[in-house]
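What's in start_23.cif: mmCIF, C-alpha atoms, pLDDT in the B column; chains and numbers go by the auth columns
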```cif
data_my_file
#
loop_
_atom_site.group_PDB
_atom_site.id
_atom_site.type_symbol
_atom_site.label_atom_id
_atom_site.label_comp_id
_atom_site.label_asym_id
_atom_site.label_seq_id
_atom_site.Cartn_x
_atom_site.Cartn_y
_atom_site.Cartn_z
_atom_site.B_iso_or_equiv
_atom_site.auth_seq_id
_atom_site.auth_asym_id
ATOM 1 C CA GLN A 1 7.600 -22.228 -2.259 93.00 1 X
ATOM 2 C CA VAL A 2 9.095 -18.773 -2.609 95.00 2 X
ATOM 3 C CA GLN A 3 8.144 -16.310 0.111 97.00 3 X
ATOM 4 C CA LEU A 4 9.001 -12.649 0.594 98.00 4 X
ATOM 5 C CA GLN A 5 9.128 -10.804 3.897 98.00 5 X
ATOM 6 C CA GLU A 6 9.654 -7.067 4.335 98.00 6 X
ATOM 7 C CA SER A 7 11.247 -5.478 7.372 97.00 7 X
ATOM 8 C CA GLY A 8 12.280 -2.021 8.445 96.00 8 X
ATOM 9 C CA PRO A 9 11.353 0.891 10.693 96.00 9 X
ATOM 10 C CA GLY A 10 7.703 1.807 10.816 95.00 10 X
ATOM 11 C CA LEU A 11 8.422 5.463 11.497 98.00 11 X
ATOM 12 C CA VAL A 12 10.836 7.731 9.636 98.00 12 X
ATOM 13 C CA LYS A 13 11.411 11.433 10.185 98.00 13 X
ATOM 14 C CA PRO A 14 10.942 13.912 7.343 97.00 14 X
ATOM 15 C CA SER A 15 14.064 14.516 5.232 97.00 15 X
ATOM 16 C CA GLN A 16 15.618 11.250 6.387 98.00 16 X
ATOM 17 C CA THR A 17 16.139 8.059 4.375 98.00 17 X
ATOM 18 C CA LEU A 18 13.631 5.231 4.419 98.00 18 X
ATOM 19 C CA SER A 19 15.367 1.847 4.350 98.00 19 X
ATOM 20 C CA LEU A 20 13.545 -1.449 3.924 98.00 20 X
ATOM 21 C CA THR A 21 14.739 -4.999 3.395 98.00 21 X
ATOM 22 C CA CYS A 22 13.015 -7.932 1.739 98.00 22 X
ATOM 23 C CA VAL A 23 14.202 -11.408 2.659 98.00 23 X
ATOM 24 C CA VAL A 24 13.497 -14.044 0.023 97.00 24 X
ATOM 25 C CA SER A 25 13.072 -17.654 1.130 97.00 25 X
ATOM 26 C CA GLY A 26 12.508 -20.773 -0.945 95.00 26 X
ATOM 27 C CA GLY A 27 14.447 -19.475 -3.923 93.00 27 X
ATOM 28 C CA SER A 28 17.522 -17.481 -4.875 93.00 28 X
ATOM 29 C CA ILE A 29 17.395 -13.865 -5.997 93.00 29 X
ATOM 30 C CA SER A 30 20.401 -14.610 -8.215 91.00 30 X
ATOM 31 C CA SER A 31 18.762 -17.291 -10.307 82.00 31 X
ATOM 32 C CA GLY A 32 15.878 -17.316 -12.684 78.00 32 X
ATOM 33 C CA ASP A 33 14.563 -14.623 -14.948 85.00 33 X
ATOM 34 C CA TYR A 34 12.982 -12.485 -12.247 93.00 34 X
ATOM 35 C CA TYR A 35 12.762 -8.840 -11.349 94.00 35 X
ATOM 36 C CA TRP A 36 12.797 -8.094 -7.631 96.00 36 X
ATOM 37 C CA THR A 37 10.427 -5.206 -7.158 96.00 37 X
ATOM 38 C CA TRP A 38 9.162 -2.625 -4.699 98.00 38 X
ATOM 39 C CA ILE A 39 5.595 -1.350 -4.905 98.00 39 X
ATOM 40 C CA ARG A 40 3.893 1.023 -2.506 98.00 40 X
ATOM 41 C CA GLN A 41 0.366 2.017 -1.649 98.00 41 X
ATOM 42 C CA GLN A 42 -0.428 5.281 0.093 97.00 42 X
ATOM 43 C CA PRO A 43 -3.336 5.091 2.553 96.00 43 X
ATOM 44 C CA GLY A 44 -6.585 4.742 0.657 94.00 44 X
ATOM 45 C CA LYS A 45 -4.837 5.017 -2.694 95.00 45 X
ATOM 46 C CA GLY A 46 -3.815 2.771 -5.553 95.00 46 X
ATOM 47 C CA LEU A 47 -0.625 0.875 -6.331 97.00 47 X
ATOM 48 C CA GLU A 48 2.562 2.668 -7.328 96.00 48 X
ATOM 49 C CA TRP A 49 5.485 0.808 -8.862 95.00 49 X
ATOM 50 C CA ILE A 50 8.713 2.113 -7.307 96.00 50 X
ATOM 51 C CA GLY A 51 11.340 0.135 -9.158 96.00 51 X
ATOM 52 C CA HIS A 52 13.021 -3.186 -9.598 95.00 52 X
ATOM 53 C CA MET A 53 16.302 -4.994 -9.723 94.00 53 X
ATOM 54 C CA TYR A 54 16.870 -7.702 -12.311 91.00 54 X
ATOM 55 C CA TYR A 55 18.368 -10.938 -11.022 85.00 55 X
ATOM 56 C CA SER A 56 21.602 -9.916 -12.762 86.00 56 X
ATOM 57 C CA GLY A 57 21.739 -6.712 -10.706 87.00 57 X
ATOM 58 C CA SER A 58 20.587 -4.048 -13.162 92.00 58 X
ATOM 59 C CA THR A 59 17.982 -1.643 -11.853 95.00 59 X
ATOM 60 C CA TYR A 60 15.191 0.546 -13.140 94.00 60 X
ATOM 61 C CA TYR A 61 13.232 3.131 -11.197 95.00 61 X
ATOM 62 C CA ASN A 62 9.974 4.984 -11.583 93.00 62 X
ATOM 63 C CA PRO A 63 10.916 8.347 -13.145 92.00 63 X
ATOM 64 C CA SER A 64 8.783 10.125 -10.550 93.00 64 X
ATOM 65 C CA LEU A 65 11.023 8.786 -7.772 95.00 65 X
ATOM 66 C CA LYS A 66 14.241 8.182 -9.659 94.00 66 X
ATOM 67 C CA THR A 67 16.330 10.879 -7.984 96.00 67 X
ATOM 68 C CA ARG A 68 15.566 9.508 -4.504 98.00 68 X
ATOM 69 C CA VAL A 69 15.443 5.728 -4.952 98.00 69 X
ATOM 70 C CA ALA A 70 18.010 2.997 -4.837 98.00 70 X
ATOM 71 C CA ILE A 71 17.426 -0.763 -4.879 97.00 71 X
ATOM 72 C CA SER A 72 20.272 -3.110 -4.066 96.00 72 X
ATOM 73 C CA ALA A 73 20.899 -6.722 -3.149 95.00 73 X
ATOM 74 C CA ASP A 74 22.819 -8.655 -0.550 95.00 74 X
ATOM 75 C CA ARG A 75 23.175 -11.992 -2.287 94.00 75 X
ATOM 76 C CA SER A 76 24.883 -13.616 0.677 95.00 76 X
ATOM 77 C CA LYS A 77 21.691 -13.058 2.665 96.00 77 X
ATOM 78 C CA ASN A 78 19.360 -13.609 -0.286 96.00 78 X
ATOM 79 C CA GLN A 79 17.684 -10.271 0.256 97.00 79 X
ATOM 80 C CA PHE A 80 17.168 -6.990 -1.525 97.00 80 X
ATOM 81 C CA SER A 81 16.669 -3.517 -0.161 98.00 81 X
ATOM 82 C CA LEU A 82 14.984 -0.216 -0.849 98.00 82 X
ATOM 83 C CA ASN A 83 16.417 3.144 0.079 98.00 83 X
ATOM 84 C CA LEU A 84 14.265 6.228 -0.429 98.00 84 X
ATOM 85 C CA SER A 85 15.921 9.500 0.527 98.00 85 X
ATOM 86 C CA SER A 86 14.574 12.898 1.551 98.00 86 X
ATOM 87 C CA VAL A 87 11.215 11.514 2.566 98.00 87 X
ATOM 88 C CA THR A 88 8.127 13.612 3.185 98.00 88 X
ATOM 89 C CA ALA A 89 4.652 12.832 4.460 97.00 89 X
ATOM 90 C CA ALA A 90 3.740 11.887 0.877 97.00 90 X
ATOM 91 C CA ASP A 91 5.991 8.839 1.240 98.00 91 X
ATOM 92 C CA THR A 92 3.807 7.453 4.019 98.00 92 X
ATOM 93 C CA ALA A 93 2.586 4.162 2.589 98.00 93 X
ATOM 94 C CA MET A 94 2.428 0.407 2.759 98.00 94 X
ATOM 95 C CA TYR A 95 5.535 -0.905 1.028 98.00 95 X
ATOM 96 C CA TYR A 96 5.479 -4.291 -0.670 98.00 96 X
ATOM 97 C CA CYS A 97 8.334 -6.322 -2.046 98.00 97 X
ATOM 98 C CA VAL A 98 7.242 -8.382 -5.006 97.00 98 X
ATOM 99 C CA ARG A 99 8.590 -10.921 -7.466 96.00 99 X
ATOM 100 C CA ASP A 100 8.047 -9.948 -11.089 94.00 100 X
ATOM 101 C CA ARG A 101 7.987 -13.010 -13.355 92.00 101 X
ATOM 102 C CA SER A 102 7.583 -12.148 -17.009 88.00 102 X
ATOM 103 C CA ARG A 103 6.002 -8.821 -16.076 89.00 103 X
ATOM 104 C CA LEU A 104 3.528 -10.515 -13.725 92.00 104 X
ATOM 105 C CA PHE A 105 3.621 -9.764 -10.020 94.00 105 X
ATOM 106 C CA ASP A 106 3.156 -13.339 -8.925 94.00 106 X
ATOM 107 C CA ILE A 107 4.506 -13.360 -5.355 96.00 107 X
ATOM 108 C CA TRP A 108 4.035 -10.540 -2.853 98.00 108 X
ATOM 109 C CA GLY A 109 5.283 -9.932 0.636 98.00 109 X
ATOM 110 C CA GLN A 110 2.712 -9.107 3.279 97.00 110 X
ATOM 111 C CA GLY A 111 3.756 -5.452 3.217 98.00 111 X
ATOM 112 C CA THR A 112 5.196 -3.120 5.811 98.00 112 X
ATOM 113 C CA MET A 113 3.657 0.198 6.788 98.00 113 X
ATOM 114 C CA VAL A 114 5.965 3.195 6.922 98.00 114 X
ATOM 115 C CA THR A 115 4.867 6.504 8.371 98.00 115 X
ATOM 116 C CA VAL A 116 6.834 9.690 7.790 98.00 116 X
ATOM 117 C CA SER A 117 6.387 12.007 10.744 97.00 117 X
ATOM 118 C CA SER A 118 8.455 14.021 13.176 95.00 118 X
ATOM 119 C CA ASP B 1 4.502 6.110 -20.004 84.00 1 Y
ATOM 120 C CA ILE B 2 1.332 4.189 -20.698 91.00 2 Y
ATOM 121 C CA GLN B 3 -1.585 5.399 -18.593 94.00 3 Y
ATOM 122 C CA MET B 4 -4.275 2.993 -17.399 96.00 4 Y
ATOM 123 C CA THR B 5 -7.774 4.233 -16.595 97.00 5 Y
ATOM 124 C CA GLN B 6 -10.317 2.082 -14.792 98.00 6 Y
ATOM 125 C CA SER B 7 -14.035 2.572 -14.447 97.00 7 Y
ATOM 126 C CA PRO B 8 -16.075 2.755 -12.407 97.00 8 Y
ATOM 127 C CA PHE B 9 -14.164 4.009 -9.373 97.00 9 Y
ATOM 128 C CA SER B 10 -16.483 1.947 -7.208 97.00 10 Y
ATOM 129 C CA LEU B 11 -19.645 -0.060 -7.527 97.00 11 Y
ATOM 130 C CA SER B 12 -22.215 -1.658 -5.267 96.00 12 Y
ATOM 131 C CA ALA B 13 -23.493 -5.103 -6.067 96.00 13 Y
ATOM 132 C CA SER B 14 -25.303 -7.998 -4.477 95.00 14 Y
ATOM 133 C CA VAL B 15 -24.242 -11.589 -4.064 95.00 15 Y
ATOM 134 C CA GLY B 16 -25.109 -13.402 -7.263 96.00 16 Y
ATOM 135 C CA ASP B 17 -24.816 -10.315 -9.477 96.00 17 Y
ATOM 136 C CA ARG B 18 -22.756 -10.131 -12.636 97.00 18 Y
ATOM 137 C CA VAL B 19 -20.107 -7.415 -12.345 97.00 19 Y
ATOM 138 C CA THR B 20 -18.081 -5.791 -15.102 98.00 20 Y
ATOM 139 C CA ILE B 21 -15.043 -3.551 -14.636 98.00 21 Y
ATOM 140 C CA THR B 22 -13.351 -1.794 -17.506 98.00 22 Y
ATOM 141 C CA CYS B 23 -9.777 -0.702 -18.055 98.00 23 Y
ATOM 142 C CA ARG B 24 -8.531 1.521 -20.845 98.00 24 Y
ATOM 143 C CA ALA B 25 -4.921 2.010 -21.912 96.00 25 Y
ATOM 144 C CA SER B 26 -3.613 5.284 -23.306 96.00 26 Y
ATOM 145 C CA GLN B 27 -2.150 3.391 -26.264 95.00 27 Y
ATOM 146 C CA SER B 28 -2.442 -0.078 -27.668 96.00 28 Y
ATOM 147 C CA ILE B 29 -1.012 -2.761 -25.420 95.00 29 Y
ATOM 148 C CA ALA B 30 -2.185 -5.751 -27.480 96.00 30 Y
ATOM 149 C CA SER B 31 -3.199 -8.336 -24.848 96.00 31 Y
ATOM 150 C CA TYR B 32 -0.544 -7.407 -22.328 95.00 32 Y
ATOM 151 C CA LEU B 33 -2.886 -6.775 -19.426 96.00 33 Y
ATOM 152 C CA SER B 34 -3.226 -8.307 -15.984 97.00 34 Y
ATOM 153 C CA TRP B 35 -5.852 -8.023 -13.273 98.00 35 Y
ATOM 154 C CA TYR B 36 -5.252 -8.146 -9.531 98.00 36 Y
ATOM 155 C CA GLN B 37 -7.613 -8.466 -6.578 98.00 37 Y
ATOM 156 C CA GLN B 38 -6.819 -6.801 -3.270 98.00 38 Y
ATOM 157 C CA LYS B 39 -8.756 -7.477 -0.108 96.00 39 Y
ATOM 158 C CA PRO B 40 -8.558 -5.055 2.840 94.00 40 Y
ATOM 159 C CA GLY B 41 -5.296 -5.356 4.736 93.00 41 Y
ATOM 160 C CA LYS B 42 -3.850 -7.828 2.253 97.00 42 Y
ATOM 161 C CA ALA B 43 -1.408 -7.714 -0.621 98.00 43 Y
ATOM 162 C CA PRO B 44 -2.847 -7.865 -4.130 98.00 44 Y
ATOM 163 C CA ASN B 45 -3.293 -11.248 -5.789 97.00 45 Y
ATOM 164 C CA LEU B 46 -2.887 -11.999 -9.492 97.00 46 Y
ATOM 165 C CA LEU B 47 -6.174 -13.077 -11.074 97.00 47 Y
ATOM 166 C CA ILE B 48 -5.763 -12.837 -14.833 97.00 48 Y
ATOM 167 C CA TYR B 49 -2.843 -12.343 -17.200 96.00 49 Y
ATOM 168 C CA ALA B 50 -2.538 -11.864 -20.939 96.00 50 Y
ATOM 169 C CA ALA B 51 -5.962 -10.219 -20.812 97.00 51 Y
ATOM 170 C CA SER B 52 -7.915 -13.464 -20.554 97.00 52 Y
ATOM 171 C CA SER B 53 -5.805 -16.235 -19.017 97.00 53 Y
ATOM 172 C CA LEU B 54 -6.883 -17.309 -15.558 97.00 54 Y
ATOM 173 C CA GLN B 55 -4.111 -17.638 -12.971 96.00 55 Y
ATOM 174 C CA SER B 56 -3.921 -21.083 -11.388 94.00 56 Y
ATOM 175 C CA GLY B 57 -6.336 -21.441 -8.494 95.00 57 Y
ATOM 176 C CA VAL B 58 -8.595 -18.534 -9.475 97.00 58 Y
ATOM 177 C CA PRO B 59 -12.299 -19.451 -9.686 97.00 59 Y
ATOM 178 C CA SER B 60 -13.793 -19.707 -13.154 97.00 60 Y
ATOM 179 C CA ARG B 61 -16.407 -17.039 -12.350 97.00 61 Y
ATOM 180 C CA PHE B 62 -13.639 -14.546 -13.086 98.00 62 Y
ATOM 181 C CA SER B 63 -12.925 -13.813 -16.719 98.00 63 Y
ATOM 182 C CA GLY B 64 -11.114 -11.207 -18.729 98.00 64 Y
ATOM 183 C CA SER B 65 -11.423 -9.980 -22.270 98.00 65 Y
ATOM 184 C CA GLY B 66 -10.217 -7.287 -24.603 98.00 66 Y
ATOM 185 C CA SER B 67 -7.214 -6.262 -26.621 97.00 67 Y
ATOM 186 C CA GLY B 68 -5.634 -3.089 -27.881 97.00 68 Y
ATOM 187 C CA THR B 69 -6.799 -0.353 -25.550 98.00 69 Y
ATOM 188 C CA ASP B 70 -10.032 -1.635 -24.008 98.00 70 Y
ATOM 189 C CA PHE B 71 -10.308 -4.455 -21.513 98.00 71 Y
ATOM 190 C CA THR B 72 -12.914 -5.943 -19.225 98.00 72 Y
ATOM 191 C CA LEU B 73 -12.902 -7.987 -16.051 98.00 73 Y
ATOM 192 C CA THR B 74 -16.148 -9.850 -15.449 98.00 74 Y
ATOM 193 C CA ILE B 75 -17.271 -11.635 -12.334 97.00 75 Y
ATOM 194 C CA THR B 76 -20.285 -13.826 -12.929 94.00 76 Y
ATOM 195 C CA SER B 77 -22.374 -14.599 -9.855 93.00 77 Y
ATOM 196 C CA LEU B 78 -20.533 -12.404 -7.326 96.00 78 Y
ATOM 197 C CA GLN B 79 -19.606 -14.230 -4.120 96.00 79 Y
ATOM 198 C CA PRO B 80 -19.088 -12.740 -0.632 94.00 80 Y
ATOM 199 C CA GLU B 81 -15.334 -13.272 -0.874 95.00 81 Y
ATOM 200 C CA ASP B 82 -15.188 -11.227 -4.089 96.00 82 Y
ATOM 201 C CA PHE B 83 -15.829 -7.916 -2.374 93.00 83 Y
ATOM 202 C CA ALA B 84 -12.476 -6.260 -2.849 97.00 84 Y
ATOM 203 C CA THR B 85 -10.620 -3.715 -4.946 98.00 85 Y
ATOM 204 C CA TYR B 86 -9.525 -4.703 -8.438 98.00 86 Y
ATOM 205 C CA TYR B 87 -6.583 -3.271 -10.359 98.00 87 Y
ATOM 206 C CA CYS B 88 -5.542 -3.619 -13.964 98.00 88 Y
ATOM 207 C CA GLN B 89 -1.873 -3.442 -14.940 96.00 89 Y
ATOM 208 C CA GLN B 90 -0.215 -3.168 -18.313 94.00 90 Y
ATOM 209 C CA THR B 91 2.605 -5.585 -19.035 89.00 91 Y
ATOM 210 C CA TYR B 92 3.345 -4.293 -22.520 91.00 92 Y
ATOM 211 C CA SER B 93 6.010 -1.694 -22.182 80.00 93 Y
ATOM 212 C CA SER B 94 9.270 -1.400 -20.407 74.00 94 Y
ATOM 213 C CA PRO B 95 9.115 -0.022 -16.899 78.00 95 Y
ATOM 214 C CA PRO B 96 7.496 1.697 -15.192 83.00 96 Y
ATOM 215 C CA ARG B 97 4.894 -0.988 -14.783 85.00 97 Y
ATOM 216 C CA THR B 98 1.684 1.021 -14.522 91.00 98 Y
ATOM 217 C CA PHE B 99 -1.542 0.181 -12.753 95.00 99 Y
ATOM 218 C CA GLY B 100 -5.047 1.469 -13.132 96.00 100 Y
ATOM 219 C CA GLY B 101 -6.497 3.447 -10.264 97.00 101 Y
ATOM 220 C CA GLY B 102 -8.568 0.570 -8.940 97.00 102 Y
ATOM 221 C CA THR B 103 -12.252 -0.335 -8.708 98.00 103 Y
ATOM 222 C CA LYS B 104 -13.767 -1.079 -5.327 98.00 104 Y
ATOM 223 C CA VAL B 105 -16.564 -3.625 -5.348 97.00 105 Y
ATOM 224 C CA GLU B 106 -18.800 -3.124 -2.335 95.00 106 Y
ATOM 225 C CA ILE B 107 -21.779 -4.941 -0.890 87.00 107 Y
ATOM 226 C CA LYS B 108 -25.146 -3.479 -1.855 86.00 108 Y
#
```

Whole structure given in structure tokens:
Amino acid sequence: QVQLQESGPGLVKPSQTLSLTCVVSGGSISSGDYYWTWIRQQPGKGLEWIGHMYYSGSTYYNPSLKTRVAISADRSKNQFSLNLSSVTAADTAMYYCVRDRSRLFDIWGQGTMVTVSS
Amino acid sequence: DIQMTQSPFSLSASVGDRVTITCRASQSIASYLSWYQQKPGKAPNLLIYAASSLQSGVPSRFSGSGSGTDFTLTITSLQPEDFATYYCQQTYSSPPRTFGGGTKVEIK
């Protein structure tokens, strides 16, 4: 079955760029009517949708983060990535990569914790 | 953007209790609502979609109802493994996909 696994640095300095990768196994990110999504959860808080990339490559971002976010894919490695620039302590969170099937978040990665601190 | 408001923020209940969580949308979303369960240290898990359809593998003690702006998640006969945080999410509009703030169900 399809599985998602996040990876990336657990510590990022303020003002730098947070970069995470999600490797997809058991299925191709280029096939099917799916949106490949990033969601985050600040400590003790709720879920925040960051953005997604359609299997065709088009993207859409949360307006609150739009100026700092980019989601891209490396189809040769069957993975997609998140870049979040100019980070602050407010970006400290658990980051999840998720498959969106017909607007349902049906498969989640285990999550990766990112702390923004000098 | 459509705003989702859940209540209560948290609740305490005992094993065997019936629990009800509500979710209100800032505008009509027909039946385009999902519910997720998140246990501590774990990723959320889809429970219910289309307001009342049970995801495969989810116990029948979970049920959802509602349409328009008001929705309910009900757990009949609460089990120990049901202590978790529950989130609603609207699937009606284009992105951003918005979640409610969550309801934490704790042991009484």

Quiz item: Pick from X:Trp38, X:Tyr96, X:Trp108, X:Tyr55: nearest to Asn78 (chain X), with all atoms listed in the file counted?
Solution: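 Looking only at the distances to Asn78 (chain X), the closest residue turns out to be X:Tyr55.
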
Exercise. Select, from Y:Ser53, Y:Asp82, Y:Asn45, Y:Gln6, the residue with the minimum atom-to-atom distance to chain X, counting only C-alpha atoms.
Key: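 Among the listed residues, Y:Asn45 lies closest to chain X.
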
Quiz item: Do you know which residues are at most 6 Å from region 89-99 of chain Y counting all atoms listed in the file, after dropping those on the same chain fewer than 3 positions away, and could you put them as number ranges by chain?
Solution: X: 62, 103; Y: 29, 32-34

Quiz prompt | Polymer residues at most 8 Å from Arg40 (chain X), only C-alpha atoms, same-chain spacing of 6 or more positions, as a list of chain:residue names | solution =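 Selected residues are X:Leu47, X:Glu48, X:Trp49, X:Ile50, X:Ala93, X:Met94, X:Tyr95, X:Tyr96.
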
Output C-alpha atoms for every residue in that selection, as a PDB file, in the coordinates of the input.
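Here's the written file selection.pdb:
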```
ATOM      1  CA  LEU X  47      -0.625   0.875  -6.331  1.00 97.00           C
ATOM      2  CA  GLU X  48       2.562   2.668  -7.328  1.00 96.00           C
ATOM      3  CA  TRP X  49       5.485   0.808  -8.862  1.00 95.00           C
ATOM      4  CA  ILE X  50       8.713   2.113  -7.307  1.00 96.00           C
ATOM      5  CA  ALA X  93       2.586   4.162   2.589  1.00 98.00           C
ATOM      6  CA  MET X  94       2.428   0.407   2.759  1.00 98.00           C
ATOM      7  CA  TYR X  95       5.535  -0.905   1.028  1.00 98.00           C
ATOM      8  CA  TYR X  96       5.479  -4.291  -0.670  1.00 98.00           C
TER       9      TYR X  96
END
```

Could you please tell me, as a PDB file with C-alpha atoms, keeping the file's coordinate frame, which residues of chain X have an atom within 12 Å of chain Y when using all atoms listed in the file?
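Listing of out-v5.pdb after writing:
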```pdb
ATOM      1  CA  LEU X   4       9.001 -12.649   0.594  1.00 98.00           C
ATOM      2  CA  GLN X   5       9.128 -10.804   3.897  1.00 98.00           C
ATOM      3  CA  TYR X  35      12.762  -8.840 -11.349  1.00 94.00           C
ATOM      4  CA  THR X  37      10.427  -5.206  -7.158  1.00 96.00           C
ATOM      5  CA  TRP X  38       9.162  -2.625  -4.699  1.00 98.00           C
ATOM      6  CA  ILE X  39       5.595  -1.350  -4.905  1.00 98.00           C
ATOM      7  CA  ARG X  40       3.893   1.023  -2.506  1.00 98.00           C
ATOM      8  CA  GLN X  41       0.366   2.017  -1.649  1.00 98.00           C
ATOM      9  CA  PRO X  43      -3.336   5.091   2.553  1.00 96.00           C
ATOM     10  CA  GLY X  44      -6.585   4.742   0.657  1.00 94.00           C
ATOM     11  CA  LYS X  45      -4.837   5.017  -2.694  1.00 95.00           C
ATOM     12  CA  GLY X  46      -3.815   2.771  -5.553  1.00 95.00           C
ATOM     13  CA  LEU X  47      -0.625   0.875  -6.331  1.00 97.00           C
ATOM     14  CA  GLU X  48       2.562   2.668  -7.328  1.00 96.00           C
ATOM     15  CA  TRP X  49       5.485   0.808  -8.862  1.00 95.00           C
ATOM     16  CA  ILE X  50       8.713   2.113  -7.307  1.00 96.00           C
ATOM     17  CA  GLY X  51      11.340   0.135  -9.158  1.00 96.00           C
ATOM     18  CA  HIS X  52      13.021  -3.186  -9.598  1.00 95.00           C
ATOM     19  CA  MET X  53      16.302  -4.994  -9.723  1.00 94.00           C
ATOM     20  CA  TYR X  54      16.870  -7.702 -12.311  1.00 91.00           C
ATOM     21  CA  THR X  59      17.982  -1.643 -11.853  1.00 95.00           C
ATOM     22  CA  TYR X  60      15.191   0.546 -13.140  1.00 94.00           C
ATOM     23  CA  TYR X  61      13.232   3.131 -11.197  1.00 95.00           C
ATOM     24  CA  ASN X  62       9.974   4.984 -11.583  1.00 93.00           C
ATOM     25  CA  PRO X  63      10.916   8.347 -13.145  1.00 92.00           C
ATOM     26  CA  SER X  64       8.783  10.125 -10.550  1.00 93.00           C
ATOM     27  CA  LEU X  65      11.023   8.786  -7.772  1.00 95.00           C
ATOM     28  CA  LYS X  66      14.241   8.182  -9.659  1.00 94.00           C
ATOM     29  CA  MET X  94       2.428   0.407   2.759  1.00 98.00           C
ATOM     30  CA  TYR X  95       5.535  -0.905   1.028  1.00 98.00           C
ATOM     31  CA  TYR X  96       5.479  -4.291  -0.670  1.00 98.00           C
ATOM     32  CA  CYS X  97       8.334  -6.322  -2.046  1.00 98.00           C
ATOM     33  CA  VAL X  98       7.242  -8.382  -5.006  1.00 97.00           C
ATOM     34  CA  ARG X  99       8.590 -10.921  -7.466  1.00 96.00           C
ATOM     35  CA  ASP X 100       8.047  -9.948 -11.089  1.00 94.00           C
ATOM     36  CA  ARG X 101       7.987 -13.010 -13.355  1.00 92.00           C
ATOM     37  CA  SER X 102       7.583 -12.148 -17.009  1.00 88.00           C
ATOM     38  CA  ARG X 103       6.002  -8.821 -16.076  1.00 89.00           C
ATOM     39  CA  LEU X 104       3.528 -10.515 -13.725  1.00 92.00           C
ATOM     40  CA  PHE X 105       3.621  -9.764 -10.020  1.00 94.00           C
ATOM     41  CA  ASP X 106       3.156 -13.339  -8.925  1.00 94.00           C
ATOM     42  CA  ILE X 107       4.506 -13.360  -5.355  1.00 96.00           C
ATOM     43  CA  TRP X 108       4.035 -10.540  -2.853  1.00 98.00           C
ATOM     44  CA  GLY X 109       5.283  -9.932   0.636  1.00 98.00           C
ATOM     45  CA  GLN X 110       2.712  -9.107   3.279  1.00 97.00           C
ATOM     46  CA  GLY X 111       3.756  -5.452   3.217  1.00 98.00           C
ATOM     47  CA  THR X 112       5.196  -3.120   5.811  1.00 98.00           C
ATOM     48  CA  MET X 113       3.657   0.198   6.788  1.00 98.00           C
TER      49      MET X 113
END
```

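Interatomic distance, CA of Ser52 (chain Y) against CA of Thr76 (chain Y): 14.5 Å.
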
Practice problem: Using CA of Pro9 (chain X) and CA of Val116 (chain X) as the two end points, give the distance in Å to one decimal. | Solution: 10.3 Å

Exercise. Find the residues with any atom within 6 Å of (10.9, -4.4, 2.4); use all atoms listed in the file and the coordinates as given in the file, and write the answer as a list in words.
Key: Glu6, Ser7, Leu20, Thr21, Cys22 and Cys97 of chain X

Self-check item: Proximity to Ser63 (chain Y) - best of Y:Pro80, Y:Ser28, Y:Arg18, Y:Lys39, only C-alpha atoms
Solution: Y:Arg18

Practice problem: Using only C-alpha atoms, find the one residue out of Y:Val19, Y:Cys88, Y:Leu78, Y:Ala51 that sits nearest to Gly64 (chain Y). | Solution: Y:Ala51

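As for CA of Thr20 (chain Y) and CA of Gln3 (chain Y), they are spaced 20.2 Å apart.
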
Quiz item: Pick the closest to Leu84 (chain X) from X:Ser25, X:Thr67, X:Thr115, X:Thr17: which is it, counting only C-alpha atoms?
Solution: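 Counting only C-alpha atoms, the residue closest to Leu84 (chain X) is X:Thr17.
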
Write out as lines of an AutoDock Vina configuration file an axis-aligned box for region 71-81 of chain Y: all of its atoms listed in the file, 4 Å added on each side, centre and edge lengths in Å with one decimal.
```
center_x = -16.3
center_y = -9.5
center_z = -11.1
size_x = 20.1
size_y = 18.1
size_z = 28.9
```

Quiz prompt | Within 10 Å of Leu18 (chain X) using all atoms listed in the file, minus same-chain residues under 2 positions, as a PyMOL selection string | solution = chain X and resi 8-16+20+69+82-87+91+114-116

Quiz item: Do you know which residues are at most 8 Å from Gln79 (chain X) counting only C-alpha atoms, after dropping those on the same chain fewer than 5 positions away, and could you put them as a list in words?
Solution: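 Counting only C-alpha atoms, the residues come to Thr21, Cys22, Val23, Val24, Ile29, Ala73 and Asp74 of chain X.
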
Exercise. Evaluate the PyMOL selection byres ((chain Y and resi 15) around 9) here and jot the selected residues down as a ChimeraX atom specification.
Key: /Y:13-14,16-18,77-80,107-108

Exercise. Can you give me, as an NGL selection string, the residues this file yields under the PyMOL selection byres ((chain X and resi 26) around 8)?
Key: :X and (1-3 or 24-25 or 27-28)
